[in-house]
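This is work.cif (mmCIF, C-alpha atoms).
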data_structure
loop_
_atom_site.group_PDB
_atom_site.id
_atom_site.type_symbol
_atom_site.label_atom_id
_atom_site.label_comp_id
_atom_site.auth_asym_id
_atom_site.auth_seq_id
_atom_site.Cartn_x
_atom_site.Cartn_y
_atom_site.Cartn_z
ATOM 1 C CA MET A 1 0.000 0.000 0.000
ATOM 2 C CA TYR A 2 2.905 2.319 0.689
ATOM 3 C CA GLU A 3 4.314 1.782 -2.808
ATOM 4 C CA THR A 4 0.863 2.247 -4.328
ATOM 5 C CA LEU A 5 0.226 5.557 -2.580
ATOM 6 C CA LEU A 6 3.778 6.702 -3.264
ATOM 7 C CA GLY A 7 3.206 6.056 -6.961
ATOM 8 C CA GLU A 8 -0.067 7.994 -6.877
ATOM 9 C CA ILE A 9 1.643 10.972 -5.227
ATOM 10 C CA MET A 10 4.758 10.918 -7.415
ATOM 11 C CA SER A 11 2.708 10.702 -10.615
ATOM 12 C CA LEU A 12 0.463 13.540 -9.386
ATOM 13 C CA ARG A 13 -2.631 11.365 -9.651
ATOM 14 C CA ILE A 14 -3.050 12.521 -6.059
ATOM 15 C CA GLU A 15 -2.682 16.248 -6.618
ATOM 16 C CA PRO A 16 -0.297 18.358 -4.525
ATOM 17 C CA ALA A 17 -2.173 19.594 -1.432
ATOM 18 C CA GLY A 18 -5.028 17.268 -2.378
ATOM 19 C CA ARG A 19 -6.971 15.574 0.420
ATOM 20 C CA ILE A 20 -6.491 11.824 0.881
ATOM 21 C CA ASN A 21 -9.697 10.172 2.068
ATOM 22 C CA ILE A 22 -8.872 6.869 3.730
ATOM 23 C CA ASP A 23 -12.347 5.437 3.110
ATOM 24 C CA ASP A 24 -12.098 6.260 -0.595
ATOM 25 C CA VAL A 25 -8.631 4.720 -0.881
ATOM 26 C CA ALA A 26 -9.781 1.558 0.906
ATOM 27 C CA ARG A 27 -12.714 1.231 -1.458
ATOM 28 C CA ASP A 28 -10.688 1.971 -4.596
ATOM 29 C CA PHE A 29 -7.971 -0.572 -3.820
ATOM 30 C CA GLY A 30 -10.066 -3.154 -1.956
ATOM 31 C CA VAL A 31 -8.051 -3.139 1.261
ATOM 32 C CA SER A 32 -8.753 -2.389 4.908
ATOM 33 C CA GLN A 33 -7.890 0.930 6.506
ATOM 34 C CA THR A 34 -5.006 -0.487 8.575
ATOM 35 C CA PRO A 35 -2.374 -0.817 5.796
ATOM 36 C CA ILE A 36 -3.474 2.555 4.402
ATOM 37 C CA ARG A 37 -2.906 4.263 7.746
ATOM 38 C CA GLU A 38 0.497 2.576 8.095
ATOM 39 C CA ALA A 39 1.466 3.713 4.595
ATOM 40 C CA LEU A 40 0.340 7.264 5.322
ATOM 41 C CA ARG A 41 2.455 7.364 8.470
ATOM 42 C CA ARG A 42 5.517 6.382 6.423
ATOM 43 C CA LEU A 43 4.713 8.991 3.796
ATOM 44 C CA GLU A 44 4.256 11.594 6.527
ATOM 45 C CA ALA A 45 7.741 10.767 7.850
ATOM 46 C CA GLU A 46 9.061 11.440 4.339
ATOM 47 C CA ALA A 47 7.172 14.770 4.228
ATOM 48 C CA LEU A 48 5.111 13.637 1.239
ATOM 49 C CA VAL A 49 1.837 13.854 3.138
ATOM 50 C CA GLU A 50 0.679 16.098 5.979
ATOM 51 C CA LYS A 51 -1.745 15.253 8.770
ATOM 52 C CA THR A 52 -4.070 17.831 10.295
ATOM 53 C CA PRO A 53 -5.827 16.884 13.573
ATOM 54 C CA TYR A 54 -9.567 16.286 13.121
ATOM 55 C CA VAL A 55 -9.222 16.828 9.366
ATOM 56 C CA GLY A 56 -7.030 14.022 8.049
ATOM 57 C CA TYR A 57 -4.296 13.633 5.480
ATOM 58 C CA ARG A 58 -3.427 15.574 2.380
ATOM 59 C CA ALA A 59 -0.558 15.385 -0.084
ATOM 60 C CA SER A 60 2.185 17.896 0.586
ATOM 61 C CA PRO A 61 2.369 20.927 -1.717
ATOM 62 C CA LEU A 62 5.130 21.019 -4.304
ATOM 63 C CA LEU A 63 8.307 22.856 -3.393
ATOM 64 C CA ASN A 64 7.949 26.591 -3.828
ATOM 65 C CA ARG A 65 10.619 28.628 -5.622
ATOM 66 C CA ARG A 66 12.477 29.527 -2.420
ATOM 67 C CA GLN A 67 12.514 25.927 -1.132
ATOM 68 C CA PHE A 68 13.706 24.751 -4.536
ATOM 69 C CA LYS A 69 16.575 27.260 -4.588
ATOM 70 C CA GLU A 70 17.631 26.474 -1.019
ATOM 71 C CA LEU A 71 17.631 22.753 -1.732
ATOM 72 C CA TYR A 72 19.929 23.133 -4.718
ATOM 73 C CA ASP A 73 22.160 25.587 -2.842
ATOM 74 C CA LEU A 74 22.611 22.885 -0.210
ATOM 75 C CA ARG A 75 23.277 20.158 -2.761
ATOM 76 C CA LEU A 76 25.828 22.219 -4.682
ATOM 77 C CA LEU A 77 27.698 22.945 -1.464
ATOM 78 C CA LEU A 78 27.833 19.334 -0.274
ATOM 79 C CA GLU A 79 27.542 16.816 -3.080
ATOM 80 C CA PRO A 80 30.564 17.763 -5.240
ATOM 81 C CA PHE A 81 32.691 17.320 -2.108
ATOM 82 C CA LEU A 82 31.076 13.911 -1.496
ATOM 83 C CA ALA A 83 31.749 12.848 -5.085
ATOM 84 C CA ALA A 84 35.409 13.795 -4.743
ATOM 85 C CA GLU A 85 35.705 11.851 -1.504
ATOM 86 C CA ALA A 86 33.915 8.868 -3.056
ATOM 87 C CA ALA A 87 36.388 8.833 -5.951
ATOM 88 C CA ALA A 88 39.202 8.484 -3.443
ATOM 89 C CA LEU A 89 37.576 6.095 -0.987
ATOM 90 C CA MET A 90 34.964 3.854 -2.623
ATOM 91 C CA ASP A 91 35.942 0.227 -3.086
ATOM 92 C CA GLU A 92 35.202 -1.851 -6.178
ATOM 93 C CA THR A 93 32.026 -3.352 -4.740
ATOM 94 C CA GLU A 94 30.577 0.083 -4.053
ATOM 95 C CA ILE A 95 31.447 1.309 -7.538
ATOM 96 C CA GLU A 96 29.808 -1.764 -9.048
ATOM 97 C CA LYS A 97 26.683 -0.946 -7.029
ATOM 98 C CA LEU A 98 26.725 2.556 -8.534
ATOM 99 C CA GLU A 99 26.997 1.077 -12.020
ATOM 100 C CA SER A 100 24.102 -1.282 -11.315
ATOM 101 C CA LEU A 101 21.899 1.565 -10.097
ATOM 102 C CA SER A 102 22.838 3.622 -13.151
ATOM 103 C CA LEU A 103 21.826 0.736 -15.411
ATOM 104 C CA SER A 104 18.546 0.259 -13.525
ATOM 105 C CA MET A 105 17.726 3.925 -14.078
ATOM 106 C CA GLU A 106 18.488 3.592 -17.776
ATOM 107 C CA VAL A 107 16.058 0.667 -18.081
ATOM 108 C CA THR A 108 13.382 2.496 -16.080
ATOM 109 C CA ALA A 109 13.739 5.586 -18.257
ATOM 110 C CA THR A 110 12.446 3.655 -21.268
ATOM 111 C CA GLY A 111 9.024 3.181 -19.644
ATOM 112 C CA THR A 112 6.052 5.521 -19.523
ATOM 113 C CA PRO A 113 7.344 8.558 -17.594
ATOM 114 C CA ARG A 114 4.462 8.890 -15.128
ATOM 115 C CA ILE A 115 4.401 5.167 -14.366
ATOM 116 C CA ALA A 116 8.180 5.012 -13.946
ATOM 117 C CA MET A 117 8.529 8.207 -11.925
ATOM 118 C CA SER A 118 8.404 6.850 -8.367
ATOM 119 C CA ARG A 119 10.651 3.912 -9.258
ATOM 120 C CA PHE A 120 13.187 6.187 -10.939
ATOM 121 C CA ALA A 121 13.129 8.530 -7.948
ATOM 122 C CA ARG A 122 13.996 5.611 -5.657
ATOM 123 C CA TYR A 123 16.898 4.528 -7.864
ATOM 124 C CA ASP A 124 18.146 8.112 -8.047
ATOM 125 C CA GLU A 125 17.895 8.449 -4.283
ATOM 126 C CA ALA A 126 19.861 5.215 -3.827
ATOM 127 C CA PHE A 127 22.473 6.345 -6.370
ATOM 128 C CA HIS A 128 23.228 9.606 -4.579
ATOM 129 C CA ALA A 129 23.025 7.912 -1.157
ATOM 130 C CA THR A 130 25.604 5.336 -2.264
ATOM 131 C CA ILE A 131 27.999 8.134 -3.202
ATOM 132 C CA ALA A 132 27.400 9.818 0.155
ATOM 133 C CA GLN A 133 28.022 6.552 2.000
ATOM 134 C CA GLY A 134 31.149 5.888 -0.040
ATOM 135 C CA ALA A 135 32.491 9.305 0.917
ATOM 136 C CA GLY A 136 32.436 8.240 4.562
ATOM 137 C CA ASN A 137 31.076 11.473 6.045
ATOM 138 C CA ARG A 138 28.118 10.354 8.154
ATOM 139 C CA LEU A 139 27.125 13.883 9.195
ATOM 140 C CA ILE A 140 26.684 15.133 5.623
ATOM 141 C CA GLU A 141 25.059 11.860 4.602
ATOM 142 C CA GLY A 142 22.490 12.307 7.375
ATOM 143 C CA ILE A 143 21.793 15.932 6.483
ATOM 144 C CA LEU A 144 21.042 15.023 2.867
ATOM 145 C CA SER A 145 18.983 11.920 3.645
ATOM 146 C CA ARG A 146 16.664 13.857 5.964
ATOM 147 C CA GLN A 147 15.714 16.223 3.138
ATOM 148 C CA HIS A 148 14.064 13.441 1.073
ATOM 149 C CA ILE A 149 15.407 15.400 -1.866
ATOM 150 C CA HIS A 150 14.640 13.030 -4.689
ATOM 151 C CA LEU A 151 11.071 12.280 -3.701
ATOM 152 C CA HIS A 152 10.213 15.973 -3.692
ATOM 153 C CA LEU A 153 12.122 16.924 -6.813
ATOM 154 C CA PHE A 154 10.777 14.128 -8.963
ATOM 155 C CA ARG A 155 7.224 15.355 -8.488
ATOM 156 C CA LEU A 156 8.353 18.370 -10.542
ATOM 157 C CA MET A 157 9.565 16.271 -13.476
ATOM 158 C CA LEU A 158 6.881 16.462 -16.103
ATOM 159 C CA HIS A 159 8.503 14.843 -19.122
ATOM 160 C CA GLY A 160 10.800 11.950 -20.011
ATOM 161 C CA ARG A 161 13.638 14.141 -21.303
ATOM 162 C CA VAL A 162 14.474 15.084 -17.722
ATOM 163 C CA ILE A 163 15.013 11.432 -16.862
ATOM 164 C CA THR A 164 17.035 10.477 -19.944
ATOM 165 C CA GLU A 165 19.385 13.430 -19.475
ATOM 166 C CA ALA A 166 19.878 12.526 -15.812
ATOM 167 C CA VAL A 167 20.766 8.952 -16.845
ATOM 168 C CA ASP A 168 23.509 10.233 -19.170
ATOM 169 C CA GLU A 169 24.899 12.511 -16.458
ATOM 170 C CA HIS A 170 24.938 9.662 -13.933
ATOM 171 C CA ALA A 171 26.970 7.532 -16.355
ATOM 172 C CA VAL A 172 29.572 10.316 -16.638
ATOM 173 C CA LEU A 173 29.654 10.613 -12.857
ATOM 174 C CA VAL A 174 30.212 6.883 -12.367
ATOM 175 C CA GLU A 175 33.083 6.944 -14.858
ATOM 176 C CA ALA A 176 34.661 9.908 -13.080
ATOM 177 C CA ILE A 177 34.499 8.100 -9.736
ATOM 178 C CA ARG A 178 35.912 4.940 -11.288
ATOM 179 C CA SER A 179 38.825 6.987 -12.670
ATOM 180 C CA ARG A 180 39.743 7.885 -9.056
ATOM 181 C CA SER A 181 39.990 11.543 -10.021
ATOM 182 C CA ARG A 182 38.676 13.752 -7.245
ATOM 183 C CA ASP A 183 38.531 16.784 -9.535
ATOM 184 C CA ARG A 184 36.680 14.975 -12.319
ATOM 185 C CA ALA A 185 34.174 13.484 -9.894
ATOM 186 C CA ALA A 186 33.469 16.824 -8.195
ATOM 187 C CA GLU A 187 33.037 18.563 -11.552
ATOM 188 C CA ALA A 188 30.771 15.792 -12.888
ATOM 189 C CA MET A 189 28.546 16.099 -9.833
ATOM 190 C CA ARG A 190 28.521 19.898 -10.018
ATOM 191 C CA ARG A 191 27.563 19.774 -13.713
ATOM 192 C CA HIS A 192 24.829 17.200 -13.044
ATOM 193 C CA LEU A 193 23.275 19.245 -10.229
ATOM 194 C CA THR A 194 23.482 22.500 -12.171
ATOM 195 C CA ARG A 195 21.803 20.968 -15.204
ATOM 196 C CA SER A 196 19.180 19.320 -13.025
ATOM 197 C CA ARG A 197 18.423 22.667 -11.386
ATOM 198 C CA ASP A 198 18.186 24.406 -14.756
ATOM 199 C CA ARG A 199 15.832 21.759 -16.175
ATOM 200 C CA LEU A 200 13.425 22.042 -13.271
ATOM 201 C CA GLU A 201 13.658 25.791 -12.727
ATOM 202 C CA VAL A 202 11.695 26.269 -15.946
ATOM 203 C CA ILE A 203 8.585 25.159 -14.045
ATOM 204 C CA TYR A 204 8.780 28.203 -11.799
ATOM 205 C CA ASP A 205 9.472 30.534 -14.722
ATOM 206 C CA THR A 206 6.289 29.248 -16.362
ATOM 207 C CA ASP A 207 4.272 30.115 -13.253
ATOM 208 C CA ASP A 208 5.427 33.756 -13.162
#
Go ahead and express the file in the form of structure tokens.
Amino acid sequence: MYETLLGEIMSLRIEPAGRINIDDVARDFGVSQTPIREALRRLEAEALVEKTPYVGYRASPLLNRRQFKELYDLRLLLEPFLAAEAAALMDETEIEKLESLSLSMEVTATGTPRIAMSRFARYDEAFHATIAQGAGNRLIEGILSRQHIHLHLFRLMLHGRVITEAVDEHAVLVEAIRSRSRDRAAEAMRRHLTRSRDRLEVIYDTDD
């Protein structure tokens, strides 16, 4: 039920800030309320749904322009450093895991974008988390993981081009880490994040 509701939220079938009626969900999916409530608690912990006393649950709003900017400011400060550290410290098993995740994202990108969105977001989250873990800085890793960055950002991705370009950038990043070049890895991460920011920032320009 968690994966089902996550998919509904990530694909925007449950609209941002839209109310989630537990009775309706139970009826639509033919399940009891218990697994729905458990799933909603998990989604609340990930800041994808919000609970209001005596009212119930609703999907969280999309990131506003300021939140979006602050999130990328944080990533650009921290993640190039993590990529450089990962290039120096990751062992072969960890690099192979990165390559496997990159391949999984490439396969997922060939599917229908809205259906694949939540799955791709999970792979992307795992990809960046693996780099953070490989860098060995638990404090920074924890700061980034608590932001649930990828789950929030991928709700902004409205077309498949965003995914296919991210796949190509991930492949370059993996190769830079495998080369053991700190500078190349940091620059590959910085370029990936900058391009990701620029692709998504268009959404806010459209709203102006």
Evaluate the PyMOL selection byres ((chain A and resi 88) around 9) and report residues as a list in words: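 What the PyMOL selection byres ((chain A and resi 88) around 9) grabs from the file is Ala83, Ala84, Glu85, Ala86, Ala87, Leu89, Met90, Asp91, Ala135, Ile177, Arg180, Ser181 and Arg182 of chain A.
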Do a neighbour search on Asn21 (chain A) at 9 Å with all atoms listed in the file, toss out local chain neighbours closer than 3 positions, and write the hits as a list in words. Asp24, Val25, Ala26, Gly56, Tyr57 and Arg58 of chain A
So how far away is CA of Asn64 (chain A) from CA of Leu82 (chain A), in Å?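 Going from CA of Leu82 (chain A) over to CA of Asn64 (chain A) covers 26.5 Å.
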Find the residues around Ile140 (chain A) up to 12 Å (all atoms listed in the file counted), leave out those fewer than 4 positions away in its own chain, and share them as a list in words. Leu74, Arg75, Leu77, Leu78, Glu79, Pro80, Phe81, Leu82, Glu85, Ala129, Ile131, Ala132, Gln133, Gly134, Ala135, Gly136, Leu144, Ser145, Arg146 and Gln147 of chain A
At a cut-off of 12 Å, using only C-alpha atoms, what residues contact Thr4 (chain A)? Leave out same-chain residues fewer than 2 positions from it and give the result as a list in words.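 Once the nearby chain positions are removed, what remains is Met1, Tyr2, Leu6, Gly7, Glu8, Ile9, Met10, Ser11, Arg13, Ile14, Val25, Ala26, Asp28, Phe29, Val31, Pro35, Ile36, Ala39, Leu40, Leu43, Ile115, Ser118 and Arg119 of chain A.
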In the coordinate frame of the file, compute which residues have an atom within 12 Å of (21.3, 20.5, -9.7) when using only C-alpha atoms, and state them as number ranges by chain. A: 68-80, 149-150, 153, 162, 166, 169, 188-201
Save out the residues we just selected, C-alpha atoms, as a CSV table (one decimal), keeping the file's coordinate frame.
chain,number,residue,atom,x,y,z
A,68,PHE,CA,13.7,24.8,-4.5
A,69,LYS,CA,16.6,27.3,-4.6
A,70,GLU,CA,17.6,26.5,-1.0
A,71,LEU,CA,17.6,22.8,-1.7
A,72,TYR,CA,19.9,23.1,-4.7
A,73,ASP,CA,22.2,25.6,-2.8
A,74,LEU,CA,22.6,22.9,-0.2
A,75,ARG,CA,23.3,20.2,-2.8
A,76,LEU,CA,25.8,22.2,-4.7
A,77,LEU,CA,27.7,22.9,-1.5
A,78,LEU,CA,27.8,19.3,-0.3
A,79,GLU,CA,27.5,16.8,-3.1
A,80,PRO,CA,30.6,17.8,-5.2
A,149,ILE,CA,15.4,15.4,-1.9
A,150,HIS,CA,14.6,13.0,-4.7
A,153,LEU,CA,12.1,16.9,-6.8
A,162,VAL,CA,14.5,15.1,-17.7
A,166,ALA,CA,19.9,12.5,-15.8
A,169,GLU,CA,24.9,12.5,-16.5
A,188,ALA,CA,30.8,15.8,-12.9
A,189,MET,CA,28.5,16.1,-9.8
A,190,ARG,CA,28.5,19.9,-10.0
A,191,ARG,CA,27.6,19.8,-13.7
A,192,HIS,CA,24.8,17.2,-13.0
A,193,LEU,CA,23.3,19.2,-10.2
A,194,THR,CA,23.5,22.5,-12.2
A,195,ARG,CA,21.8,21.0,-15.2
A,196,SER,CA,19.2,19.3,-13.0
A,197,ARG,CA,18.4,22.7,-11.4
A,198,ASP,CA,18.2,24.4,-14.8
A,199,ARG,CA,15.8,21.8,-16.2
A,200,LEU,CA,13.4,22.0,-13.3
A,201,GLU,CA,13.7,25.8,-12.7
Point (22.3, 4.9, -14.6), cut-off 6 Å, counting only C-alpha atoms, residues as a list in words: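 Answer for this query, in the requested form: Leu101, Ser102, Leu103, Met105, Glu106, Val167, His170 and Ala171 of chain A.
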For the selection you just gave me, I'd like the residues written to a file as a PDB file, in the coordinates of the input, keeping C-alpha atoms.
ATOM      1  CA  LEU A 101      21.899   1.565 -10.097  1.00  0.00           C
ATOM      2  CA  SER A 102      22.838   3.622 -13.151  1.00  0.00           C
ATOM      3  CA  LEU A 103      21.826   0.736 -15.411  1.00  0.00           C
ATOM      4  CA  MET A 105      17.726   3.925 -14.078  1.00  0.00           C
ATOM      5  CA  GLU A 106      18.488   3.592 -17.776  1.00  0.00           C
ATOM      6  CA  VAL A 167      20.766   8.952 -16.845  1.00  0.00           C
ATOM      7  CA  HIS A 170      24.938   9.662 -13.933  1.00  0.00           C
ATOM      8  CA  ALA A 171      26.970   7.532 -16.355  1.00  0.00           C
TER       9      ALA A 171
END
Output the residue selection produced by the PyMOL selection byres ((chain A and resi 47) around 9) on the file above, formatted as a count of residues only. 13
